[in-house]
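Written out below as structure tokens is the structure these notes cover.
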Protein chains: 2
Amino acid sequence: MTVDHRGTRDDANAQVTSSPPISELPEPRPMRADAMRNHEKILRAAEEIFALDGVMVPIDVVAERAGVGIGTLYRHFPTKEALYDEIVSTRLRALIDTAHACEKEPNAAEGMCTFLHTFARQASEKQDLFDALGQAGIDIKARFSDMLNELTTSMDTMRQRSVDEGAIRDDVETKDILNLVMGSCHAAGYDGKSGASLERLVDIVLAGIKTPD
Amino acid sequence: MTVDHRGTRDDANAQVTSSPPISELPEPRPMRADAMRNHEKILRAAEEIFALDGVMVPIDVVAERAGVGIGTLYRHFPTKEALYDEIVSTRLRALIDTAHACEKEPNAAEGMCTFLHTFARQASEKQDLFDALGQAGIDIKARFSDMLNELTTSMDTMRQRSVDEGAIRDDVETKDILNLVMGSCHAAGYDGKSGASLERLVDIVLAGIKTPD
DNA sequence: CTCAAATCGGAACTACGGTTCCGGATACAA
DNA sequence: TTGTATCCGGAACCGTAGTTCCGATTTGAG
């Protein structure tokens with residue numbers, strides 16, 4: 001916790017050696033071929049492992065899976081969290097895009113339905129996403145607060161429009177819906193076969209929030 | 001993980017010194033007054049702290065709160081998990097009793113409703129209970145598997161009877177309901193004020209599982 | 001009051017996960 | 001081919017949390 005997260009490492013700066021105020025772009029050199037290859041390998045390994053085991057996996061497991069040493073991993077990502085950020089924010093971004101797409105659906109309630117199903121599937125397939133969204137406490141959420149805001153804002157648009165349509169009740173908050181769906185993911189997750197049952201659970205939530213009678 | 005959990009300590013055995021087969025109760029001596037007092041203090045402190053902060057609190061925090069040293073704590077409970085067990089199983093027991101009581105309700109669906117509300121309130125007030133029920137993975141659940149079984153069995157009776165009454169849909173599993181309600185607790189928990197909103201969330205779940213139309 | 005048994009307290013040990021450091025290997029420009 | 005800037009690997013280091021150990025203290029029977 002409370003990590004600095006700034007250039008203690010040679011990330012991609014430290015170019016200018018003398019004459020400070022020259023504002024030319026000093027072409028930071030492309031990165032060696034093997035380094036680039038390793039960067040990719042690490043990213044891919046992290047993606048798989050985080051998806052399967054969540055945030056809690058020891059960092060060296062990722063390194064091993066990628067087939068590189070720990071030192072190498074840390075050369076490319078200054079912190080475990082930095083690596084984690086990379087993966088999760090990509091996934092969050094995709095989710096946000098989906099949300100924006102669903103917003104455009106003429107029938108708001110239908111858009112919401114579509115989105116929640118996608119959301120649930122994503123969260124239950126990618127353990128790391130699930131962790132970021134629910135489990136792990138304040139600190140990890142704070143890290144993605146901007147994206148999280150964008151997501152809930154988008155969801156809230158859908159929700160409000162659905163309420164206006166008279167499709168869902170007006171006394172449910174967006175965050176509630178989100179957490180209810182997370183509950184579904186949790187339930188489905190422990191079964192192993194997260195297939196059909198997840199769909200069913202999300203439908204239950206949808207049934208629960210729709211306008212009575 | 002994988003703790004022995006058996007008498008590496010002087011818990012309350014080690015009585016017979018010679019002549020093994022004498023089956024008299026060798027009165028293990030009542031425990032000194034101060035020891036008994038400390039035992040109580042530890043239990044009370046653990047109850048409060050676990051309720052507030054969950055399973056993750058360092059053990060020495062509990063000791064400090066109880067006003068005893070770590071050594072003393074370990075004299076009374078051979079393991080952090082042992083202490084944790086004590087607290088959680090008490091709470092689980094109470095929950096099970098409630099479940100059995102609700103089972104007796106003539107109107108099954110109503111009983112279920114009552115139970116779920118109690119359940120939700122308990123889980124959101126006692127962080128440790130919440131942890132044991134949901135969060136923390138396999139290992140911690142295994143520890144309470146017997147009680148958990150008793151609980152879900154009782155719930156399943158209610159559920160089945162409600163289905164027979166035609167009150168709730170027949171394609172929802174008990175565990176699903178449980179996890180949905182846990183989702184509600186999670187949602188309510190982060191607000192701080194877990195009061196009214198929790199009630200509402202549980203009602204949403206109930207609305208979701210009731211027979212359509 | 002006296003003393004041994006029981007108990008206390010916390011320093012020290014262990015295990016584990018994140019991070020740093022640096023000698024050795026490698027890529028690639030000249 | 002050669003030289004060096006860059007990169008690699010993993011041993012070592014640090015902080016955290018659980019647990020053990022043992023000298024100091026306290027209880028309570030005689």
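Starting from 1 in every chain, residues are counted up; chains themselves are A, B, ... following the order of the structure tokens, and ligands are numbered from 1 as listed.
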Residue list for chain C near chain B as a ChimeraX atom specification, 10 Å, only C-alpha atoms (C1' of nucleotides): /C:6-10
Would you mind listing what lies within 9 Å of Arg121 of chain B as a list in words, with only C-alpha atoms (C1' of nucleotides) counted and same-chain residues fewer than 2 positions away left out?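 Everything that qualifies: Leu116, His117, Thr118, Phe119, Ala123, Ser124, Glu125, Lys126, Cys185, Ser194, Gly195, Leu198 and Glu199 of chain B.
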Hey, can you check how far atom CA of Pro58 of chain B sits from atom C1' of DT16 of chain D?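 Those two atoms sit 9.5 Å apart.
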Atom pair atom CA of Val172 of chain A / atom CA of Gln160 of chain A: separation (Å):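 Atom-to-atom, atom CA of Val172 of chain A and atom CA of Gln160 of chain A are spaced 10.0 Å apart.
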From a backbone DSSP assignment, name each residue in segment 87-179 of chain A labelled alpha helix (DSSP H), as a PyMOL selection string. chain A and resi 87-103+108-125+127-133+138-143+145-165+174-179
Write out as a ChimeraX atom specification the residues lying within 9 Å of Lys80 of chain A, counting only C-alpha atoms (C1' of nucleotides) and excluding same-chain residues fewer than 4 positions away. /A:59,74,84-85 /C:18
Could you list, as a CSV table (one decimal) with N, CA and C atoms, in the first residue's frame, every residue of chain B that has an atom within 7 Å of an atom of chain A, counting only C-alpha atoms?
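Dumped to iface_37.csv:
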chain,number,residue,atom,x,y,z
B,176,ASP,N,-27.9,-19.8,-4.7
B,176,ASP,CA,-28.0,-18.6,-5.5
B,176,ASP,C,-28.6,-17.5,-4.6
B,179,ASN,N,-26.2,-16.1,-2.2
B,179,ASN,CA,-25.2,-15.2,-2.7
B,179,ASN,C,-25.8,-13.9,-3.2
B,180,LEU,N,-27.0,-13.9,-3.7
B,180,LEU,CA,-27.7,-12.7,-4.1
B,180,LEU,C,-27.8,-11.8,-2.8
B,182,MET,N,-26.0,-11.9,-0.2
B,182,MET,CA,-24.7,-11.5,0.1
B,182,MET,C,-24.3,-10.2,-0.7
B,183,GLY,N,-24.7,-10.3,-2.0
B,183,GLY,CA,-24.4,-9.1,-2.8
B,183,GLY,C,-25.1,-7.9,-2.2
B,184,SER,N,-26.3,-8.0,-1.7
B,184,SER,CA,-27.0,-6.9,-1.1
B,184,SER,C,-26.2,-6.4,0.1
B,186,HIS,N,-23.0,-6.6,0.6
B,186,HIS,CA,-21.8,-5.9,0.1
B,186,HIS,C,-22.2,-4.5,-0.3
B,187,ALA,N,-23.2,-4.4,-1.1
B,187,ALA,CA,-23.7,-3.1,-1.5
B,187,ALA,C,-24.0,-2.1,-0.4
B,204,ILE,N,-35.6,-6.5,-3.1
B,204,ILE,CA,-35.4,-6.7,-4.6
B,204,ILE,C,-35.1,-8.1,-4.9
B,205,VAL,N,-34.3,-8.7,-4.1
B,205,VAL,CA,-34.0,-10.1,-4.4
B,205,VAL,C,-35.2,-11.0,-4.2
B,207,ALA,N,-38.2,-10.0,-4.6
B,207,ALA,CA,-39.1,-9.8,-5.8
B,207,ALA,C,-38.6,-10.5,-7.0
B,208,GLY,N,-37.3,-10.6,-7.1
B,208,GLY,CA,-36.7,-11.3,-8.3
B,208,GLY,C,-36.9,-12.8,-8.3
B,209,ILE,N,-37.0,-13.4,-7.1
B,209,ILE,CA,-37.2,-14.9,-7.1
B,209,ILE,C,-38.7,-15.3,-7.0
Provide as a ChimeraX atom specification the residues of chain D at most 8 Å from chain B, counting only C-alpha atoms (C1' of nucleotides). /D:17-18,27
Work out how far atom CA of Glu110 of chain B is from atom CA of Thr157 of chain B, in Å to one decimal.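 Atom CA of Glu110 of chain B lies 13.1 Å from atom CA of Thr157 of chain B.
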Considering only C-alpha atoms (C1' of nucleotides), return as an mmCIF file with N, CA and C atoms, in the first residue's frame whatever protein or nucleic-acid residues lie within 6 Å of segment 105-109 of chain A, sequence-local ones (same chain, fewer than 2 positions apart) excluded.
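After the write, part-v9.cif holds the following:
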data_model
loop_
_atom_site.group_PDB
_atom_site.id
_atom_site.type_symbol
_atom_site.label_atom_id
_atom_site.label_comp_id
_atom_site.auth_asym_id
_atom_site.auth_seq_id
_atom_site.Cartn_x
_atom_site.Cartn_y
_atom_site.Cartn_z
ATOM 1 N N CYS A 102 -24.600 0.339 -25.205
ATOM 2 C CA CYS A 102 -25.923 -0.057 -24.723
ATOM 3 C C CYS A 102 -26.793 1.170 -24.425
ATOM 4 N N GLU A 103 -26.123 2.246 -24.055
ATOM 5 C CA GLU A 103 -26.851 3.494 -23.799
ATOM 6 C C GLU A 103 -27.671 3.910 -25.014
ATOM 7 N N GLY A 111 -31.503 -2.200 -23.260
ATOM 8 C CA GLY A 111 -30.078 -1.888 -23.263
ATOM 9 C C GLY A 111 -29.459 -2.255 -21.926
ATOM 10 N N MET A 112 -30.146 -1.882 -20.875
ATOM 11 C CA MET A 112 -29.670 -2.199 -19.527
ATOM 12 C C MET A 112 -29.500 -3.702 -19.367
ATOM 13 N N MET A 158 -28.653 4.839 -18.268
ATOM 14 C CA MET A 158 -29.555 3.747 -18.660
ATOM 15 C C MET A 158 -30.649 3.543 -17.630
ATOM 16 N N ARG A 161 -33.216 6.352 -17.636
ATOM 17 C CA ARG A 161 -34.084 6.292 -18.801
ATOM 18 C C ARG A 161 -35.077 5.141 -18.672
ATOM 19 N N SER A 162 -34.614 4.041 -18.110
ATOM 20 C CA SER A 162 -35.516 2.899 -17.915
ATOM 21 C C SER A 162 -36.615 3.259 -16.927
#
As number ranges by chain, please: the residues near DA4 of chain C (cut-off 12 Å, only C-alpha atoms (C1' of nucleotides), same-chain neighbours under 5 positions excluded). D: 26-30
Write out as a PDB file with C-alpha atoms (C1' of nucleotides), in the first residue's frame which residues come within 12 Å of DC22 of chain C when counting only C-alpha atoms (C1' of nucleotides), dropping same-chain ones fewer than 6 positions away.
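Dumped everything to out02.pdb:
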ATOM      1  CA  GLY A  71      13.990  -8.626 -12.315  1.00  0.00           C
TER       2      GLY A  71
ATOM      3  C1'  DC D   8      18.285 -10.276 -18.062  1.00  0.00           C
ATOM      4  C1'  DG D   9      17.995 -13.195 -13.866  1.00  0.00           C
ATOM      5  C1'  DG D  10      17.633 -14.298  -9.405  1.00  0.00           C
ATOM      6  C1'  DA D  11      19.885 -13.815  -4.843  1.00  0.00           C
ATOM      7  C1'  DA D  12      19.191 -10.828  -1.187  1.00  0.00           C
TER       8       DA D  12
END
Within 9 Å of Phe50 of chain A, counting only C-alpha atoms (C1' of nucleotides), which residues show up once you throw out same-chain ones fewer than 4 positions away? Write them as a VMD selection string, please. chain A and resid 45 to 46 54 to 57 62 84 87 126 to 129
Just checking: using only C-alpha atoms, which residue out of B:Arg65, B:Arg29, B:Arg37, B:Arg93 ends up closest to Met147 of chain B?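 Ranked by minimum distance to Met147 of chain B, first place goes to B:Arg93.
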